[in-house]
file target.pdb (PDB, C-alpha atoms, pLDDT in the B column)
MODEL        1
ATOM      1  CA  MET V 270     -53.530 -53.163  77.633  1.00 75.00           C
ATOM      2  CA  LEU V 271     -56.689 -51.048  77.283  1.00 81.00           C
ATOM      3  CA  GLY V 272     -55.996 -50.435  73.597  1.00 79.00           C
ATOM      4  CA  LYS V 273     -56.091 -54.190  72.981  1.00 79.00           C
ATOM      5  CA  VAL V 274     -59.514 -54.502  74.636  1.00 79.00           C
ATOM      6  CA  ARG V 275     -62.174 -54.506  71.954  1.00 73.00           C
ATOM      7  CA  LEU V 276     -64.442 -52.165  73.926  1.00 75.00           C
ATOM      8  CA  PHE V 277     -61.742 -49.481  73.859  1.00 78.00           C
ATOM      9  CA  SER V 278     -59.913 -50.472  70.661  1.00 76.00           C
ATOM     10  CA  ASN V 279     -61.309 -47.506  68.719  1.00 77.00           C
ATOM     11  CA  CYS V 280     -59.952 -44.999  71.273  1.00 82.00           C
ATOM     12  CA  ASN V 281     -56.852 -42.902  70.645  1.00 86.00           C
ATOM     13  CA  LYS V 282     -53.865 -42.626  73.024  1.00 89.00           C
ATOM     14  CA  ARG V 283     -55.225 -39.560  74.849  1.00 86.00           C
ATOM     15  CA  GLU V 284     -58.569 -41.259  75.436  1.00 85.00           C
ATOM     16  CA  LEU V 285     -56.861 -44.463  76.605  1.00 88.00           C
ATOM     17  CA  ALA V 286     -54.724 -42.449  79.042  1.00 89.00           C
ATOM     18  CA  ARG V 287     -57.869 -40.843  80.475  1.00 88.00           C
ATOM     19  CA  ILE V 288     -59.553 -44.243  80.830  1.00 88.00           C
ATOM     20  CA  ALA V 289     -56.422 -45.644  82.525  1.00 90.00           C
ATOM     21  CA  SER V 290     -56.513 -42.786  85.041  1.00 92.00           C
ATOM     22  CA  LEU V 291     -60.088 -43.710  86.010  1.00 92.00           C
ATOM     23  CA  VAL V 292     -59.906 -47.495  86.361  1.00 93.00           C
ATOM     24  CA  GLU V 293     -59.150 -49.316  89.587  1.00 95.00           C
ATOM     25  CA  GLU V 294     -57.059 -52.472  89.562  1.00 95.00           C
ATOM     26  CA  ILE V 295     -58.345 -55.328  91.732  1.00 96.00           C
ATOM     27  CA  ASP V 296     -57.503 -58.974  92.355  1.00 97.00           C
ATOM     28  CA  ALA V 297     -60.090 -61.764  92.427  1.00 98.00           C
ATOM     29  CA  PRO V 298     -59.118 -65.171  93.842  1.00 98.00           C
ATOM     30  CA  GLU V 299     -60.076 -68.408  92.092  1.00 98.00           C
ATOM     31  CA  GLY V 300     -63.714 -69.251  92.804  1.00 97.00           C
ATOM     32  CA  LYS V 301     -64.798 -65.664  93.541  1.00 98.00           C
ATOM     33  CA  LEU V 302     -68.211 -64.674  92.201  1.00 97.00           C
ATOM     34  CA  ILE V 303     -67.563 -61.372  90.442  1.00 97.00           C
ATOM     35  CA  VAL V 304     -71.082 -60.562  89.203  1.00 95.00           C
ATOM     36  CA  ARG V 305     -74.409 -62.377  89.489  1.00 94.00           C
ATOM     37  CA  GLN V 306     -77.031 -62.364  86.742  1.00 93.00           C
ATOM     38  CA  GLY V 307     -80.063 -60.253  87.630  1.00 93.00           C
ATOM     39  CA  GLU V 308     -78.294 -58.109  90.229  1.00 93.00           C
ATOM     40  CA  PRO V 309     -77.845 -54.390  89.572  1.00 91.00           C
ATOM     41  CA  GLY V 310     -74.610 -53.415  87.859  1.00 89.00           C
ATOM     42  CA  ARG V 311     -72.637 -50.226  88.261  1.00 90.00           C
ATOM     43  CA  GLU V 312     -69.274 -51.085  86.760  1.00 92.00           C
ATOM     44  CA  CYS V 313     -67.460 -52.686  83.855  1.00 89.00           C
ATOM     45  CA  PHE V 314     -64.579 -55.161  84.217  1.00 93.00           C
ATOM     46  CA  VAL V 315     -61.576 -55.820  81.981  1.00 90.00           C
ATOM     47  CA  ILE V 316     -59.535 -58.976  82.582  1.00 93.00           C
ATOM     48  CA  THR V 317     -55.793 -58.320  82.556  1.00 91.00           C
ATOM     49  CA  ASP V 318     -54.726 -61.683  83.957  1.00 94.00           C
ATOM     50  CA  GLY V 319     -56.464 -64.998  84.649  1.00 97.00           C
ATOM     51  CA  LYS V 320     -59.692 -66.595  83.455  1.00 97.00           C
ATOM     52  CA  ALA V 321     -63.368 -66.378  84.350  1.00 97.00           C
ATOM     53  CA  ARG V 322     -66.482 -68.264  83.308  1.00 95.00           C
ATOM     54  CA  ALA V 323     -69.563 -66.315  82.223  1.00 92.00           C
ATOM     55  CA  THR V 324     -72.863 -68.201  82.480  1.00 92.00           C
ATOM     56  CA  ILE V 325     -76.238 -67.039  81.210  1.00 86.00           C
ATOM     57  CA  ARG V 326     -79.391 -68.420  82.842  1.00 85.00           C
ATOM     58  CA  GLY V 327     -77.326 -71.240  84.334  1.00 79.00           C
ATOM     59  CA  LYS V 328     -76.912 -72.784  80.881  1.00 79.00           C
ATOM     60  CA  GLY V 329     -74.450 -71.813  78.155  1.00 78.00           C
ATOM     61  CA  SER V 330     -71.116 -70.586  79.389  1.00 86.00           C
ATOM     62  CA  THR V 331     -68.034 -68.932  77.956  1.00 88.00           C
ATOM     63  CA  VAL V 332     -64.496 -68.717  79.278  1.00 93.00           C
ATOM     64  CA  LEU V 333     -63.125 -65.183  79.360  1.00 93.00           C
ATOM     65  CA  GLY V 334     -59.414 -64.407  79.462  1.00 94.00           C
ATOM     66  CA  PRO V 335     -57.007 -61.458  79.300  1.00 92.00           C
ATOM     67  CA  GLY V 336     -58.402 -58.658  77.139  1.00 87.00           C
ATOM     68  CA  SER V 337     -62.001 -59.806  77.666  1.00 87.00           C
ATOM     69  CA  PHE V 338     -64.492 -57.476  79.283  1.00 86.00           C
ATOM     70  CA  PHE V 339     -67.915 -57.757  80.874  1.00 89.00           C
ATOM     71  CA  GLY V 340     -70.452 -55.518  82.588  1.00 88.00           C
ATOM     72  CA  GLU V 341     -70.205 -52.783  79.963  1.00 82.00           C
ATOM     73  CA  MET V 342     -73.972 -52.517  79.454  1.00 81.00           C
ATOM     74  CA  SER V 343     -74.336 -51.547  83.111  1.00 80.00           C
ATOM     75  CA  LEU V 344     -72.266 -48.443  82.444  1.00 78.00           C
ATOM     76  CA  LEU V 345     -74.914 -47.281  80.026  1.00 78.00           C
ATOM     77  CA  ASP V 346     -78.143 -48.176  81.828  1.00 82.00           C
ATOM     78  CA  GLN V 347     -77.300 -49.413  85.364  1.00 81.00           C
ATOM     79  CA  GLY V 348     -79.589 -52.329  84.489  1.00 86.00           C
ATOM     80  CA  PRO V 349     -79.401 -55.854  85.878  1.00 90.00           C
ATOM     81  CA  ARG V 350     -76.450 -58.076  85.018  1.00 91.00           C
ATOM     82  CA  THR V 351     -77.081 -60.295  82.006  1.00 87.00           C
ATOM     83  CA  ALA V 352     -74.690 -63.059  83.127  1.00 90.00           C
ATOM     84  CA  THR V 353     -73.018 -64.556  86.180  1.00 94.00           C
ATOM     85  CA  VAL V 354     -69.224 -64.349  86.075  1.00 96.00           C
ATOM     86  CA  LYS V 355     -66.990 -66.384  88.375  1.00 97.00           C
ATOM     87  CA  ALA V 356     -63.188 -66.468  88.569  1.00 98.00           C
ATOM     88  CA  GLU V 357     -61.830 -69.797  87.269  1.00 98.00           C
ATOM     89  CA  THR V 358     -58.270 -68.851  88.262  1.00 98.00           C
ATOM     90  CA  ASP V 359     -56.739 -66.084  90.333  1.00 98.00           C
ATOM     91  CA  MET V 360     -57.421 -62.914  88.371  1.00 97.00           C
ATOM     92  CA  ARG V 361     -56.415 -59.309  87.993  1.00 96.00           C
ATOM     93  CA  LEU V 362     -59.145 -56.956  86.770  1.00 96.00           C
ATOM     94  CA  LEU V 363     -59.506 -53.325  85.801  1.00 93.00           C
ATOM     95  CA  VAL V 364     -62.777 -51.837  87.045  1.00 95.00           C
ATOM     96  CA  LEU V 365     -64.485 -48.765  85.599  1.00 91.00           C
ATOM     97  CA  GLY V 366     -67.373 -47.550  87.738  1.00 91.00           C
ATOM     98  CA  SER V 367     -70.428 -45.683  86.467  1.00 88.00           C
ATOM     99  CA  ARG V 368     -69.355 -42.440  88.182  1.00 90.00           C
ATOM    100  CA  GLU V 369     -65.931 -42.614  86.526  1.00 91.00           C
ATOM    101  CA  PHE V 370     -67.559 -43.499  83.207  1.00 84.00           C
ATOM    102  CA  SER V 371     -69.821 -40.431  83.458  1.00 87.00           C
ATOM    103  CA  SER V 372     -66.778 -38.269  84.158  1.00 89.00           C
ATOM    104  CA  LEU V 373     -65.003 -39.806  81.172  1.00 84.00           C
ATOM    105  CA  VAL V 374     -67.942 -39.165  78.834  1.00 83.00           C
ATOM    106  CA  ASN V 375     -68.218 -35.557  80.043  1.00 87.00           C
ATOM    107  CA  ASP V 376     -64.483 -34.936  79.579  1.00 84.00           C
ATOM    108  CA  VAL V 377     -63.999 -36.909  76.363  1.00 81.00           C
ATOM    109  CA  PRO V 378     -67.388 -37.404  74.632  1.00 83.00           C
ATOM    110  CA  THR V 379     -65.818 -39.253  71.693  1.00 81.00           C
ATOM    111  CA  VAL V 380     -65.076 -42.172  74.028  1.00 78.00           C
ATOM    112  CA  ALA V 381     -68.808 -42.878  74.392  1.00 79.00           C
ATOM    113  CA  VAL V 382     -69.244 -42.989  70.624  1.00 81.00           C
ATOM    114  CA  ARG V 383     -66.236 -45.300  70.245  1.00 73.00           C
ATOM    115  CA  MET V 384     -67.500 -47.576  73.033  1.00 74.00           C
ATOM    116  CA  MET V 385     -70.980 -47.718  71.515  1.00 78.00           C
ATOM    117  CA  ARG V 386     -69.398 -48.750  68.220  1.00 77.00           C
ATOM    118  CA  GLY V 387     -67.644 -51.582  70.061  1.00 71.00           C
ATOM    119  CA  LEU V 388     -70.893 -52.600  71.765  1.00 76.00           C
ATOM    120  CA  ALA V 389     -72.722 -52.616  68.445  1.00 79.00           C
ATOM    121  CA  GLU V 390     -70.067 -54.955  67.001  1.00 77.00           C
ATOM    122  CA  ARG V 391     -70.472 -57.280  69.978  1.00 71.00           C
ATOM    123  CA  LEU V 392     -74.274 -57.328  69.647  1.00 76.00           C
ATOM    124  CA  ARG V 393     -74.049 -58.078  65.929  1.00 81.00           C
ATOM    125  CA  GLU V 394     -71.733 -61.012  66.635  1.00 74.00           C
ATOM    126  CA  ALA V 395     -74.131 -62.329  69.272  1.00 69.00           C
ATOM    127  CA  GLU V 396     -77.017 -62.089  66.823  1.00 73.00           C
ATOM    128  CA  ARG V 397     -75.042 -63.944  64.137  1.00 75.00           C
ATOM    129  CA  SER V 398     -74.322 -66.788  66.555  1.00 67.00           C
ATOM    130  CA  GLN V 399     -78.004 -67.230  67.447  1.00 62.00           C
ATOM    131  CA  PRO V 400     -79.980 -69.870  65.544  1.00 60.00           C
ATOM    132  CA  HIS V 401     -82.462 -68.389  63.092  1.00 55.00           C
ATOM    133  CA  HIS V 402     -86.098 -69.529  63.182  1.00 52.00           C
TER     134      HIS V 402
ENDMDL
END
call {"tool": "encode", "arguments": {"input": "target.pdb", "output": "structure tokens"}}
result
Amino acid sequence: MLGKVRLFSNCNKRELARIASLVEEIDAPEGKLIVRQGEPGRECFVITDGKARATIRGKGSTVLGPGSFFGEMSLLDQGPRTATVKAETDMRLLVLGSREFSSLVNDVPTVAVRMMRGLAERLREAERSQPHH
């Protein structure tokens, strides 16, 4: 599953196995608020089953499904959440905490480079979808 997640899609099998050993699997019932925009973040989430709605500034929203991820920027800077994410259905999530991420980067530094490549792709897509003035 992790290899199909864009954030980790550039990782090899050994790196994916290390990531899998560090994630925690959790369930979130329909209606559960998973993260709130503006609050501090210390983990990244990968959806393995179910759907969630991500809302930015209470306006535009996106439905996220299996293979989608969110919270990844918090792994890098422990900054505030950039969106609110709420479970639209019962969900199963993989959670990678900042401590586990630090361990991963120390053990397998190439993972950080591969993840940053994935983040850069995501940022470029977001920029392309923004109206130009």
call {"tool": "residues_around", "arguments": {"input": "target.pdb", "residues": "segment 366-374 of chain V", "least_positions_apart": "4", "cutoff": "9 Å", "atoms": "all atoms listed in the file", "output": "ChimeraX atom specification"}}
result
/V:284,287-288,291-293,310-314,343-345,347,378-381
call {"tool": "resolve_selection", "arguments": {"input": "target.pdb", "expression": "the PyMOL selection byres ((chain V and resi 273) around 12)", "output": "list in words"}}
result
Met270, Leu271, Gly272, Val274, Arg275, Leu276, Phe277, Ser278, Asn279, Cys280, Asn281, Lys282, Leu285, Val315, Ile316, Thr317, Pro335, Gly336, Ser337 and Phe338 of chain V
call {"tool": "atom_distance", "arguments": {"input": "target.pdb", "atom1": "atom CA of Ala352 of chain V", "atom2": "atom CA of Lys328 of chain V"}}
result
10.2 Å
call {"tool": "atom_distance", "arguments": {"input": "target.pdb", "atom1": "atom CA of Ile303 of chain V", "atom2": "atom CA of Arg326 of chain V"}}
result
15.7 Å
call {"tool": "axis_aligned_box", "arguments": {"input": "target.pdb", "around": "segment 381-396 of chain V", "padding_each_side": "6 Å", "output": "AutoDock Vina command-line options"}}
result
--center_x -71.6 --center_y -52.6 --center_z 70.2 --size_x 22.8 --size_y 31.5 --size_z 20.5
call {"tool": "resolve_selection", "arguments": {"input": "target.pdb", "expression": "the PyMOL selection byres ((chain V and resi 358-360) around 8)", "output": "list of chain:residue names"}}
result
V:Asp296, V:Ala297, V:Pro298, V:Glu299, V:Gly300, V:Ile316, V:Thr317, V:Asp318, V:Gly319, V:Lys320, V:Ala321, V:Ala356, V:Glu357, V:Arg361, V:Leu362
call {"tool": "atom_distance", "arguments": {"input": "target.pdb", "atom1": "atom CA of Arg397 of chain V", "atom2": "atom CA of Leu302 of chain V"}}
result
28.9 Å
call {"tool": "residues_around", "arguments": {"input": "target.pdb", "residues": "Thr351 of chain V", "least_positions_apart": "4", "cutoff": "12 Å", "atoms": "only C-alpha atoms", "output": "PyMOL selection string"}}
result
chain V and resi 304-310+323-327+339-343+347
call {"tool": "closest_residue", "arguments": {"input": "target.pdb", "among": "V:Val377, V:Leu392, V:Lys355, V:Asp346", "to": "Thr331 of chain V", "atoms": "all atoms listed in the file"}}
result
V:Lys355
call {"tool": "decode", "arguments": {"input": "target.pdb", "residues": "segment 355-383 of chain V", "atoms": "N, CA, C and O atoms", "output": "PDB file, in the first residue's frame"}}
result
ATOM      1  N   LYS V 355     -11.738  15.832   8.165  1.00  0.00           N
ATOM      2  CA  LYS V 355     -12.770  15.124   8.919  1.00  0.00           C
ATOM      3  C   LYS V 355     -13.161  13.851   8.175  1.00  0.00           C
ATOM      4  O   LYS V 355     -13.298  13.859   6.947  1.00  0.00           O
ATOM      5  N   ALA V 356     -13.353  12.774   8.906  1.00  0.00           N
ATOM      6  CA  ALA V 356     -13.741  11.494   8.305  1.00  0.00           C
ATOM      7  C   ALA V 356     -15.160  11.586   7.746  1.00  0.00           C
ATOM      8  O   ALA V 356     -16.086  11.940   8.467  1.00  0.00           O
ATOM      9  N   GLU V 357     -15.324  11.275   6.471  1.00  0.00           N
ATOM     10  CA  GLU V 357     -16.658  11.260   5.845  1.00  0.00           C
ATOM     11  C   GLU V 357     -17.287   9.877   5.976  1.00  0.00           C
ATOM     12  O   GLU V 357     -18.502   9.746   5.872  1.00  0.00           O
ATOM     13  N   THR V 358     -16.452   8.861   6.127  1.00  0.00           N
ATOM     14  CA  THR V 358     -16.898   7.484   6.327  1.00  0.00           C
ATOM     15  C   THR V 358     -16.019   6.902   7.421  1.00  0.00           C
ATOM     16  O   THR V 358     -15.048   7.540   7.842  1.00  0.00           O
ATOM     17  N   ASP V 359     -16.324   5.705   7.879  1.00  0.00           N
ATOM     18  CA  ASP V 359     -15.383   5.017   8.760  1.00  0.00           C
ATOM     19  C   ASP V 359     -14.090   4.865   7.976  1.00  0.00           C
ATOM     20  O   ASP V 359     -14.110   4.595   6.773  1.00  0.00           O
ATOM     21  N   MET V 360     -12.967   5.050   8.668  1.00  0.00           N
ATOM     22  CA  MET V 360     -11.673   5.048   7.987  1.00  0.00           C
ATOM     23  C   MET V 360     -10.651   4.196   8.704  1.00  0.00           C
ATOM     24  O   MET V 360     -10.740   3.991   9.913  1.00  0.00           O
ATOM     25  N   ARG V 361      -9.669   3.774   7.940  1.00  0.00           N
ATOM     26  CA  ARG V 361      -8.460   3.156   8.480  1.00  0.00           C
ATOM     27  C   ARG V 361      -7.298   4.005   7.973  1.00  0.00           C
ATOM     28  O   ARG V 361      -7.232   4.338   6.788  1.00  0.00           O
ATOM     29  N   LEU V 362      -6.421   4.382   8.888  1.00  0.00           N
ATOM     30  CA  LEU V 362      -5.298   5.273   8.575  1.00  0.00           C
ATOM     31  C   LEU V 362      -3.986   4.684   9.050  1.00  0.00           C
ATOM     32  O   LEU V 362      -3.940   3.983  10.074  1.00  0.00           O
ATOM     33  N   LEU V 363      -2.920   5.013   8.331  1.00  0.00           N
ATOM     34  CA  LEU V 363      -1.567   4.751   8.800  1.00  0.00           C
ATOM     35  C   LEU V 363      -1.032   6.092   9.291  1.00  0.00           C
ATOM     36  O   LEU V 363      -1.198   7.112   8.616  1.00  0.00           O
ATOM     37  N   VAL V 364      -0.404   6.081  10.461  1.00  0.00           N
ATOM     38  CA  VAL V 364       0.098   7.317  11.059  1.00  0.00           C
ATOM     39  C   VAL V 364       1.609   7.203  11.245  1.00  0.00           C
ATOM     40  O   VAL V 364       2.101   6.221  11.816  1.00  0.00           O
ATOM     41  N   LEU V 365       2.323   8.211  10.759  1.00  0.00           N
ATOM     42  CA  LEU V 365       3.770   8.291  10.948  1.00  0.00           C
ATOM     43  C   LEU V 365       4.050   9.538  11.768  1.00  0.00           C
ATOM     44  O   LEU V 365       3.805  10.660  11.309  1.00  0.00           O
ATOM     45  N   GLY V 366       4.517   9.344  12.998  1.00  0.00           N
ATOM     46  CA  GLY V 366       4.802  10.457  13.887  1.00  0.00           C
ATOM     47  C   GLY V 366       6.146  11.095  13.607  1.00  0.00           C
ATOM     48  O   GLY V 366       6.999  10.509  12.930  1.00  0.00           O
ATOM     49  N   SER V 367       6.358  12.299  14.129  1.00  0.00           N
ATOM     50  CA  SER V 367       7.605  13.022  13.861  1.00  0.00           C
ATOM     51  C   SER V 367       8.810  12.300  14.451  1.00  0.00           C
ATOM     52  O   SER V 367       9.888  12.301  13.853  1.00  0.00           O
ATOM     53  N   ARG V 368       8.655  11.654  15.595  1.00  0.00           N
ATOM     54  CA  ARG V 368       9.773  10.908  16.193  1.00  0.00           C
ATOM     55  C   ARG V 368      10.168   9.736  15.295  1.00  0.00           C
ATOM     56  O   ARG V 368      11.348   9.500  15.037  1.00  0.00           O
ATOM     57  N   GLU V 369       9.161   9.017  14.790  1.00  0.00           N
ATOM     58  CA  GLU V 369       9.419   7.889  13.900  1.00  0.00           C
ATOM     59  C   GLU V 369      10.014   8.371  12.571  1.00  0.00           C
ATOM     60  O   GLU V 369      10.904   7.740  12.006  1.00  0.00           O
ATOM     61  N   PHE V 370       9.528   9.518  12.101  1.00  0.00           N
ATOM     62  CA  PHE V 370      10.068  10.089  10.869  1.00  0.00           C
ATOM     63  C   PHE V 370      11.544  10.445  11.050  1.00  0.00           C
ATOM     64  O   PHE V 370      12.364  10.164  10.179  1.00  0.00           O
ATOM     65  N   SER V 371      11.887  11.048  12.183  1.00  0.00           N
ATOM     66  CA  SER V 371      13.292  11.385  12.455  1.00  0.00           C
ATOM     67  C   SER V 371      14.156  10.134  12.467  1.00  0.00           C
ATOM     68  O   SER V 371      15.258  10.117  11.908  1.00  0.00           O
ATOM     69  N   SER V 372      13.657   9.082  13.096  1.00  0.00           N
ATOM     70  CA  SER V 372      14.378   7.808  13.124  1.00  0.00           C
ATOM     71  C   SER V 372      14.567   7.278  11.709  1.00  0.00           C
ATOM     72  O   SER V 372      15.651   6.811  11.340  1.00  0.00           O
ATOM     73  N   LEU V 373      13.524   7.366  10.908  1.00  0.00           N
ATOM     74  CA  LEU V 373      13.576   6.896   9.525  1.00  0.00           C
ATOM     75  C   LEU V 373      14.631   7.664   8.733  1.00  0.00           C
ATOM     76  O   LEU V 373      15.451   7.069   8.027  1.00  0.00           O
ATOM     77  N   VAL V 374      14.633   8.988   8.860  1.00  0.00           N
ATOM     78  CA  VAL V 374      15.583   9.813   8.121  1.00  0.00           C
ATOM     79  C   VAL V 374      17.018   9.530   8.569  1.00  0.00           C
ATOM     80  O   VAL V 374      17.935   9.491   7.742  1.00  0.00           O
ATOM     81  N   ASN V 375      17.210   9.283   9.873  1.00  0.00           N
ATOM     82  CA  ASN V 375      18.551   8.949  10.358  1.00  0.00           C
ATOM     83  C   ASN V 375      19.018   7.598   9.836  1.00  0.00           C
ATOM     84  O   ASN V 375      20.187   7.428   9.479  1.00  0.00           O
ATOM     85  N   ASP V 376      18.112   6.618   9.793  1.00  0.00           N
ATOM     86  CA  ASP V 376      18.461   5.272   9.348  1.00  0.00           C
ATOM     87  C   ASP V 376      18.572   5.158   7.835  1.00  0.00           C
ATOM     88  O   ASP V 376      19.403   4.418   7.315  1.00  0.00           O
ATOM     89  N   VAL V 377      17.684   5.841   7.133  1.00  0.00           N
ATOM     90  CA  VAL V 377      17.616   5.739   5.669  1.00  0.00           C
ATOM     91  C   VAL V 377      17.458   7.149   5.088  1.00  0.00           C
ATOM     92  O   VAL V 377      16.359   7.555   4.694  1.00  0.00           O
ATOM     93  N   PRO V 378      18.566   7.920   5.031  1.00  0.00           N
ATOM     94  CA  PRO V 378      18.477   9.320   4.593  1.00  0.00           C
ATOM     95  C   PRO V 378      17.864   9.516   3.213  1.00  0.00           C
ATOM     96  O   PRO V 378      17.262  10.552   2.943  1.00  0.00           O
ATOM     97  N   THR V 379      17.971   8.530   2.337  1.00  0.00           N
ATOM     98  CA  THR V 379      17.418   8.683   0.989  1.00  0.00           C
ATOM     99  C   THR V 379      15.904   8.844   1.021  1.00  0.00           C
ATOM    100  O   THR V 379      15.330   9.430   0.104  1.00  0.00           O
ATOM    101  N   VAL V 380      15.255   8.357   2.064  1.00  0.00           N
ATOM    102  CA  VAL V 380      13.801   8.481   2.170  1.00  0.00           C
ATOM    103  C   VAL V 380      13.408   9.961   2.216  1.00  0.00           C
ATOM    104  O   VAL V 380      12.439  10.368   1.571  1.00  0.00           O
ATOM    105  N   ALA V 381      14.157  10.761   2.958  1.00  0.00           N
ATOM    106  CA  ALA V 381      13.846  12.191   3.062  1.00  0.00           C
ATOM    107  C   ALA V 381      13.916  12.857   1.691  1.00  0.00           C
ATOM    108  O   ALA V 381      13.043  13.644   1.331  1.00  0.00           O
ATOM    109  N   VAL V 382      14.944  12.517   0.927  1.00  0.00           N
ATOM    110  CA  VAL V 382      15.094  13.098  -0.405  1.00  0.00           C
ATOM    111  C   VAL V 382      13.927  12.672  -1.291  1.00  0.00           C
ATOM    112  O   VAL V 382      13.332  13.487  -1.993  1.00  0.00           O
ATOM    113  N   ARG V 383      13.545  11.400  -1.222  1.00  0.00           N
ATOM    114  CA  ARG V 383      12.445  10.899  -2.042  1.00  0.00           C
ATOM    115  C   ARG V 383      11.117  11.559  -1.629  1.00  0.00           C
ATOM    116  O   ARG V 383      10.302  11.909  -2.473  1.00  0.00           O
TER     117      ARG V 383
END
